$ cat my_file-v3.csv   # CSV, C-alpha atoms and all ligand atoms
chain,number,residue,atom,x,y,z
A,1,SER,CA,-120.9,112.9,-23.9
A,2,LEU,CA,-124.3,111.1,-24.2
A,3,ARG,CA,-125.6,114.0,-26.4
A,4,PHE,CA,-122.7,113.6,-28.8
A,5,GLU,CA,-123.2,109.8,-29.0
A,6,LEU,CA,-126.9,110.3,-29.7
A,7,PHE,CA,-126.2,112.7,-32.5
A,8,THR,CA,-123.7,110.3,-34.0
A,9,ILE,CA,-126.2,107.5,-34.0
A,10,LEU,CA,-128.9,109.7,-35.4
A,11,PHE,CA,-126.5,110.8,-38.2
A,12,PHE,CA,-125.8,107.2,-39.2
A,13,ILE,CA,-129.5,106.3,-39.1
A,14,LEU,CA,-130.3,109.2,-41.5
A,15,ILE,CA,-127.5,108.3,-43.9
A,16,PHE,CA,-128.7,104.7,-43.9
A,17,ALA,CA,-132.3,105.8,-44.5
A,18,ALA,CA,-131.2,108.0,-47.4
A,19,MET,CA,-129.4,105.1,-49.1
A,20,GLU,CA,-131.1,103.2,-51.9
A,21,THR,CA,-131.6,99.5,-51.7
A,22,VAL,CA,-130.0,97.4,-54.3
A,23,VAL,CA,-130.6,93.7,-55.0
A,24,SER,CA,-129.2,91.4,-57.6
A,25,GLY,CA,-128.3,87.7,-57.9
A,26,ILE,CA,-126.4,85.3,-60.1
A,27,ARG,CA,-127.5,81.8,-60.9
A,28,PRO,CA,-124.9,79.2,-59.9
A,29,THR,CA,-124.7,77.3,-63.2
A,30,GLY,CA,-121.1,76.4,-63.7
A,31,ASN,CA,-118.2,78.7,-63.9
A,32,LEU,CA,-118.6,82.4,-63.8
A,33,HIS,CA,-117.0,83.9,-66.9
A,34,LEU,CA,-115.8,87.3,-68.1
A,35,GLY,CA,-119.3,88.2,-69.1
A,36,ASN,CA,-120.5,87.9,-65.5
A,37,TYR,CA,-117.6,90.0,-64.3
A,38,PHE,CA,-118.0,92.8,-66.8
A,39,GLY,CA,-121.8,92.5,-67.1
A,40,ALA,CA,-122.6,92.3,-63.4
A,41,LEU,CA,-119.9,91.9,-60.8
A,42,LYS,CA,-117.8,95.0,-61.7
A,43,ASN,CA,-121.0,97.1,-61.3
A,44,PHE,CA,-121.9,95.4,-58.0
A,45,VAL,CA,-118.5,96.2,-56.6
A,46,LYS,CA,-119.1,99.9,-57.4
A,47,MET,CA,-122.6,100.0,-56.0
A,48,GLN,CA,-121.7,98.5,-52.6
A,49,GLU,CA,-119.9,101.8,-51.8
A,50,GLU,CA,-123.0,104.0,-51.8
A,51,ASN,CA,-126.0,101.8,-51.4
A,52,ASN,CA,-127.6,99.3,-49.1
A,53,CYS,CA,-126.8,96.2,-51.2
A,54,TYR,CA,-128.0,92.6,-51.1
A,55,PHE,CA,-126.2,90.3,-53.5
A,56,PHE,CA,-127.2,86.7,-53.5
A,57,ILE,CA,-126.5,83.3,-55.1
A,58,ALA,CA,-129.7,82.2,-56.9
A,59,ASP,CA,-129.5,78.5,-56.1
A,60,TYR,CA,-133.3,78.0,-56.2
A,61,HIS,CA,-133.3,79.5,-59.7
A,62,SER,CA,-130.7,77.0,-60.8
A,63,LEU,CA,-132.9,74.0,-59.8
A,64,THR,CA,-134.9,74.4,-63.0
A,65,THR,CA,-132.1,72.7,-64.9
A,66,HIS,CA,-131.9,69.7,-62.4
A,67,PRO,CA,-128.3,69.9,-61.3
A,68,THR,CA,-126.8,67.0,-59.3
A,69,PRO,CA,-126.3,67.7,-55.6
A,70,GLU,CA,-122.5,67.7,-56.1
A,71,ASN,CA,-122.7,70.1,-59.0
A,72,LEU,CA,-125.1,72.4,-57.1
A,73,HIS,CA,-123.1,72.6,-53.9
A,74,GLY,CA,-119.9,73.1,-55.9
A,75,ASN,CA,-121.3,75.8,-58.1
A,76,VAL,CA,-122.7,77.7,-55.1
A,77,LYS,CA,-119.2,77.8,-53.5
A,78,GLN,CA,-117.7,78.7,-56.8
A,79,VAL,CA,-120.0,81.8,-57.2
A,80,LEU,CA,-119.3,82.8,-53.6
A,81,ALA,CA,-115.6,82.6,-54.2
A,82,GLU,CA,-115.9,84.7,-57.3
A,83,TYR,CA,-118.1,87.3,-55.6
A,84,LEU,CA,-115.3,87.7,-53.0
A,85,ALA,CA,-112.5,87.6,-55.6
A,86,SER,CA,-114.2,90.3,-57.6
A,87,GLY,CA,-114.1,92.6,-54.6
A,88,LEU,CA,-117.5,92.3,-53.0
A,89,ASP,CA,-117.0,93.0,-49.4
A,90,PRO,CA,-119.2,91.4,-46.7
A,91,GLU,CA,-118.6,94.4,-44.5
A,92,LYS,CA,-120.2,96.7,-47.1
A,93,ALA,CA,-122.8,94.5,-48.8
A,94,THR,CA,-125.0,91.7,-47.6
A,95,LEU,CA,-124.1,88.5,-49.4
A,96,TYR,CA,-126.3,85.5,-49.1
A,97,ILE,CA,-127.5,82.2,-50.6
A,98,GLN,CA,-131.2,82.5,-51.8
A,99,SER,CA,-132.3,79.2,-50.1
A,100,ASP,CA,-130.9,80.4,-46.7
A,101,VAL,CA,-133.7,83.0,-46.6
A,102,PRO,CA,-137.0,81.0,-46.3
A,103,GLU,CA,-139.1,84.2,-46.7
A,104,THR,CA,-138.1,84.0,-50.4
A,105,ALA,CA,-140.1,80.8,-50.8
A,106,GLU,CA,-143.0,82.1,-48.8
A,107,LEU,CA,-143.3,85.3,-50.8
A,108,TYR,CA,-142.9,83.2,-54.0
A,109,LEU,CA,-145.9,81.1,-53.0
A,110,LEU,CA,-148.1,84.2,-52.3
A,111,LEU,CA,-147.1,85.9,-55.5
A,112,ASN,CA,-147.8,82.7,-57.5
A,113,MET,CA,-151.5,82.9,-56.5
A,114,ASN,CA,-151.8,86.2,-58.4
A,115,ALA,CA,-149.6,85.4,-61.3
A,116,TYR,CA,-151.6,84.2,-64.3
A,117,VAL,CA,-150.4,81.3,-66.4
A,118,GLY,CA,-151.2,83.2,-69.6
A,119,GLU,CA,-148.8,86.1,-68.7
A,120,LEU,CA,-146.1,83.7,-67.5
A,121,GLU,CA,-146.3,81.7,-70.8
A,122,ARG,CA,-146.0,84.9,-72.8
A,123,CYS,CA,-142.7,85.8,-71.1
A,124,THR,CA,-139.8,85.8,-73.6
A,125,SER,CA,-137.3,84.0,-71.4
A,126,PHE,CA,-139.9,81.2,-70.9
A,127,LYS,CA,-140.5,80.8,-74.6
A,128,GLU,CA,-136.7,80.7,-75.1
A,129,LYS,CA,-136.2,78.1,-72.5
A,130,ILE,CA,-138.9,75.7,-73.8
A,131,ARG,CA,-137.3,76.0,-77.2
A,132,LYS,CA,-133.9,75.2,-75.8
A,133,GLN,CA,-134.9,72.4,-73.4
A,134,PRO,CA,-138.2,70.9,-74.8
A,135,ASP,CA,-137.8,67.8,-72.7
A,136,ASN,CA,-137.7,69.7,-69.4
A,137,VAL,CA,-140.5,72.2,-69.4
A,138,ASN,CA,-141.2,72.2,-65.6
A,139,ALA,CA,-143.5,74.5,-63.5
A,140,GLY,CA,-140.4,76.1,-62.0
A,141,LEU,CA,-139.4,77.4,-65.4
A,142,LEU,CA,-142.9,78.9,-65.9
A,143,THR,CA,-142.9,80.6,-62.5
A,144,TYR,CA,-139.3,81.8,-62.8
A,145,PRO,CA,-140.5,85.5,-62.9
A,146,THR,CA,-142.5,85.2,-59.7
A,147,LEU,CA,-139.4,83.8,-57.9
A,148,MET,CA,-137.3,86.6,-59.2
A,149,ALA,CA,-140.0,89.1,-58.1
A,150,ALA,CA,-140.0,87.6,-54.6
A,151,ASP,CA,-136.2,88.1,-54.4
A,152,ILE,CA,-136.6,91.8,-55.2
A,153,ILE,CA,-139.8,92.6,-53.4
A,154,LEU,CA,-138.5,91.0,-50.2
A,155,HIS,CA,-136.0,93.8,-49.8
A,156,ARG,CA,-138.3,96.5,-51.2
A,157,ALA,CA,-135.4,97.2,-53.5
A,158,ASN,CA,-135.5,100.2,-55.7
A,159,LYS,CA,-132.4,99.5,-57.8
A,160,VAL,CA,-131.9,96.1,-59.5
A,161,PRO,CA,-128.8,95.9,-61.8
A,162,VAL,CA,-129.5,93.3,-64.5
A,163,GLY,CA,-128.8,92.7,-68.1
A,164,LYS,CA,-131.2,93.6,-71.0
A,165,ASP,CA,-132.5,90.0,-71.1
A,166,GLN,CA,-133.9,90.5,-67.6
A,167,GLU,CA,-135.8,93.7,-68.1
A,168,GLN,CA,-139.1,92.0,-68.9
A,169,HIS,CA,-138.8,90.2,-65.5
A,170,LEU,CA,-138.5,93.6,-63.8
A,171,GLU,CA,-141.6,94.8,-65.5
A,172,MET,CA,-143.4,91.7,-64.3
A,173,THR,CA,-142.1,92.4,-60.8
A,174,ARG,CA,-143.7,95.8,-60.7
A,175,LYS,CA,-146.9,94.4,-62.0
A,176,PHE,CA,-147.0,91.6,-59.3
A,177,ALA,CA,-146.2,94.1,-56.5
A,178,ARG,CA,-149.0,96.5,-57.6
A,179,ARG,CA,-151.4,93.6,-58.0
A,180,PHE,CA,-150.6,92.3,-54.5
A,181,ASN,CA,-151.1,95.8,-53.0
A,182,ARG,CA,-154.4,96.3,-54.8
A,183,LEU,CA,-155.8,92.9,-53.9
A,184,TYR,CA,-154.8,93.0,-50.3
A,185,LYS,CA,-155.5,96.7,-49.9
A,186,ASN,CA,-152.0,97.5,-48.7
A,187,ASP,CA,-148.9,99.2,-49.8
A,188,TYR,CA,-146.3,96.8,-48.5
A,189,PHE,CA,-144.2,97.1,-51.7
A,190,PRO,CA,-144.2,100.7,-52.9
A,201,LIG,N1,-132.7,85.9,-63.4
A,201,LIG,C1,-131.4,86.5,-63.2
A,201,LIG,C2,-130.8,86.1,-61.8
A,201,LIG,C3,-131.7,86.6,-60.7
A,201,LIG,C4,-131.9,88.0,-60.3
A,201,LIG,C5,-132.9,87.9,-59.3
A,201,LIG,C6,-131.3,89.2,-60.6
A,201,LIG,C7,-132.6,85.9,-60.0
A,201,LIG,N2,-133.3,86.6,-59.1
A,201,LIG,C8,-133.3,89.1,-58.6
A,201,LIG,C9,-131.7,90.4,-60.0
A,201,LIG,C10,-132.7,90.3,-59.0
A,201,LIG,C11,-130.4,86.1,-64.3
A,201,LIG,O1,-130.6,85.1,-64.9
A,201,LIG,N3,-129.4,86.9,-64.5
$ encode --input "my_file-v3.csv" --output "structure tokens" --more "lines below"
Ligand code: LTN
Amino acid sequence: SLRFELFTILFFILIFAAMETVVSGIRPTGNLHLGNYFGALKNFVKMQEENNCYFFIADYHSLTTHPTPENLHGNVKQVLAEYLASGLDPEKATLYIQSDVPETAELYLLLNMNAYVGELERCTSFKEKIRKQPDNVNAGLLTYPTLMAADIILHRANKVPVGKDQEQHLEMTRKFARRFNRLYKNDYFP
């Protein structure tokens, strides 16, 4: 009956609303290795069962190291293949390529207006990168944390599975979100 159908629909809406939103990404820089599998993918596969998950291929992030077009396209396909091979299921989780969602770049622009050069320069991963690649210290490297914040804030994610080396980026994401809300007198990103 119609009543039964409505209850069923309502039931699924409630389940969905109760689920937590997960977002994470992997930069397509060459082959994924066992570290990616045990450090990230294995956990993603588990999380897709009980959460509203978004897993993406962070191709914008990989541009900081100036890949050739051939390498870039090849590596994106490679990561997608390994996502699927690891057991990520497009029926359970949303899989996407970062550059296919233009809102990522829009939010990145807005967040950059309130990200201070001083705090970006103090970021550990930035200091590490300029030590490792002193001849390619580009602005994208400096604003890497605001791009990552855009990826996360875009989905209003409340769970972000990442390695220890990314925790500082998560702290910065919280700071950027609070700052955005305070400045524009809103609470878009709780
Ligand atoms: N910086 C991460 C990859 C990454 C990411 C994200 C992870 C980019 N954007 C958003 C989680 C959420 C890395 O190098 N492992």
$ closest_atom_pairs --input "my_file-v3.csv" --of "segment 111-157 of chain A" --to "segment 61-79 of chain A" --cutoff "9 Å" --atoms "only C-alpha atoms" --output "JSON lines"
{"residue": "A:Gln133", "atom": "CA", "partner": "A:Thr65", "partner_atom": "CA", "distance": 9.0}
{"residue": "A:Asn136", "atom": "CA", "partner": "A:Thr65", "partner_atom": "CA", "distance": 7.8}
{"residue": "A:Val137", "atom": "CA", "partner": "A:Thr64", "partner_atom": "CA", "distance": 8.8}
{"residue": "A:Asn138", "atom": "CA", "partner": "A:Thr64", "partner_atom": "CA", "distance": 7.2}
{"residue": "A:Ala139", "atom": "CA", "partner": "A:Thr64", "partner_atom": "CA", "distance": 8.6}
{"residue": "A:Gly140", "atom": "CA", "partner": "A:Thr64", "partner_atom": "CA", "distance": 5.8}
{"residue": "A:Leu141", "atom": "CA", "partner": "A:Thr64", "partner_atom": "CA", "distance": 5.9}
{"residue": "A:Tyr144", "atom": "CA", "partner": "A:His61", "partner_atom": "CA", "distance": 7.1}
{"residue": "A:Leu147", "atom": "CA", "partner": "A:His61", "partner_atom": "CA", "distance": 7.7}
{"residue": "A:Met148", "atom": "CA", "partner": "A:His61", "partner_atom": "CA", "distance": 8.2}
$ residues_around --input "my_file-v3.csv" --residues "Ile153 of chain A" --least-positions-apart "6" --cutoff "9 Å" --atoms "only C-alpha atoms" --output "JSON, numbers by chain"
{"A": [107, 173, 174, 177, 189]}
$ closest_residue --input "my_file-v3.csv" --among "A:Ser1, A:Ser24, A:Thr29, A:Asn36" --to "ligand LIG 201 (chain A)" --atoms "only C-alpha atoms and all ligand atoms"
A:Ser24
$ closest_atom_pairs --input "my_file-v3.csv" --of "chain A" --to "ligand LIG 201 (chain A)" --cutoff "6 Å" --atoms "only C-alpha atoms and all ligand atoms" --output "CSV"
residue,atom,partner,partner_atom,distance
A:Val23,CA,A:LIG201,C10,5.7
A:Ser24,CA,A:LIG201,C9,3.6
A:Gly25,CA,A:LIG201,C6,4.3
A:Ile26,CA,A:LIG201,C2,4.8
A:Arg27,CA,A:LIG201,C2,5.5
A:Ala58,CA,A:LIG201,C7,5.6
A:Met148,CA,A:LIG201,N2,4.0
A:Asp151,CA,A:LIG201,C8,5.2
A:Ile152,CA,A:LIG201,C8,5.5
A:Val160,CA,A:LIG201,C9,5.7
A:Val162,CA,A:LIG201,C9,5.8
$ write_last_selection --input "my_file-v3.csv" --atoms "C-alpha atoms" --output "PDB file, in the coordinates of the input"
ATOM      1  CA  VAL A  23    -130.600  93.700 -55.000  1.00  0.00           C
ATOM      2  CA  SER A  24    -129.200  91.400 -57.600  1.00  0.00           C
ATOM      3  CA  GLY A  25    -128.300  87.700 -57.900  1.00  0.00           C
ATOM      4  CA  ILE A  26    -126.400  85.300 -60.100  1.00  0.00           C
ATOM      5  CA  ARG A  27    -127.500  81.800 -60.900  1.00  0.00           C
ATOM      6  CA  ALA A  58    -129.700  82.200 -56.900  1.00  0.00           C
ATOM      7  CA  MET A 148    -137.300  86.600 -59.200  1.00  0.00           C
ATOM      8  CA  ASP A 151    -136.200  88.100 -54.400  1.00  0.00           C
ATOM      9  CA  ILE A 152    -136.600  91.800 -55.200  1.00  0.00           C
ATOM     10  CA  VAL A 160    -131.900  96.100 -59.500  1.00  0.00           C
ATOM     11  CA  VAL A 162    -129.500  93.300 -64.500  1.00  0.00           C
TER      12      VAL A 162
END
$ axis_aligned_box --input "my_file-v3.csv" --around "segment 123-142 of chain A" --padding-each-side "8 Å" --output "lines of an AutoDock Vina configuration file"
center_x = -138.7
center_y = 76.8
center_z = -69.6
size_x = 25.6
size_y = 34.0
size_z = 31.2
$ closest_residue --input "my_file-v3.csv" --among "A:Asn186, A:Tyr54, A:Leu111, A:Leu142" --to "Ile130 of chain A" --atoms "only C-alpha atoms"
A:Leu142
$ closest_residue --input "my_file-v3.csv" --among "A:Ile57, A:Ala81, A:Leu2, A:Met113" --to "Thr94 of chain A" --atoms "all atoms listed in the file"
A:Ile57
$ atom_distance --input "my_file-v3.csv" --atom1 "atom CA of Gly39 of chain A" --atom2 "atom CA of Asn51 of chain A"
18.7 Å
$ closest_residue --input "my_file-v3.csv" --among "A:Glu82, A:Asp59, A:Asp135, A:Glu121" --to "Ala40 of chain A" --atoms "only C-alpha atoms"
A:Glu82
$ atom_distance --input "my_file-v3.csv" --atom1 "atom CA of Phe38 of chain A" --atom2 "atom CA of Glu91 of chain A"
22.4 Å
$ atom_distance --input "my_file-v3.csv" --atom1 "atom CA of Lys42 of chain A" --atom2 "atom CA of Ala85 of chain A"
11.0 Å
$ residues_near_point --input "my_file-v3.csv" --point "(-118.3, 99.0, -54.0)" --cutoff "9 Å" --atoms "all atoms listed in the file" --output "list in words"
Lys42, Asn43, Phe44, Val45, Lys46, Met47, Gln48, Glu49, Glu50, Asn51, Gly87, Leu88, Asp89, Lys92 and Ala93 of chain A
$ write_last_selection --input "my_file-v3.csv" --atoms "C-alpha atoms" --output "PDB file, in the frame of the given file"
ATOM      1  CA  LYS A  42    -117.800  95.000 -61.700  1.00  0.00           C
ATOM      2  CA  ASN A  43    -121.000  97.100 -61.300  1.00  0.00           C
ATOM      3  CA  PHE A  44    -121.900  95.400 -58.000  1.00  0.00           C
ATOM      4  CA  VAL A  45    -118.500  96.200 -56.600  1.00  0.00           C
ATOM      5  CA  LYS A  46    -119.100  99.900 -57.400  1.00  0.00           C
ATOM      6  CA  MET A  47    -122.600 100.000 -56.000  1.00  0.00           C
ATOM      7  CA  GLN A  48    -121.700  98.500 -52.600  1.00  0.00           C
ATOM      8  CA  GLU A  49    -119.900 101.800 -51.800  1.00  0.00           C
ATOM      9  CA  GLU A  50    -123.000 104.000 -51.800  1.00  0.00           C
ATOM     10  CA  ASN A  51    -126.000 101.800 -51.400  1.00  0.00           C
ATOM     11  CA  GLY A  87    -114.100  92.600 -54.600  1.00  0.00           C
ATOM     12  CA  LEU A  88    -117.500  92.300 -53.000  1.00  0.00           C
ATOM     13  CA  ASP A  89    -117.000  93.000 -49.400  1.00  0.00           C
ATOM     14  CA  LYS A  92    -120.200  96.700 -47.100  1.00  0.00           C
ATOM     15  CA  ALA A  93    -122.800  94.500 -48.800  1.00  0.00           C
TER      16      ALA A  93
END
$ closest_residue --input "my_file-v3.csv" --among "A:Thr21, A:Leu10, A:Phe4, A:Phe56" --to "Ala157 of chain A" --atoms "only C-alpha atoms"
A:Thr21
$ closest_residue --input "my_file-v3.csv" --among "A:Lys175, A:Cys53, A:Tyr37, A:Gly30" --to "Phe16 of chain A" --atoms "only C-alpha atoms"
A:Cys53
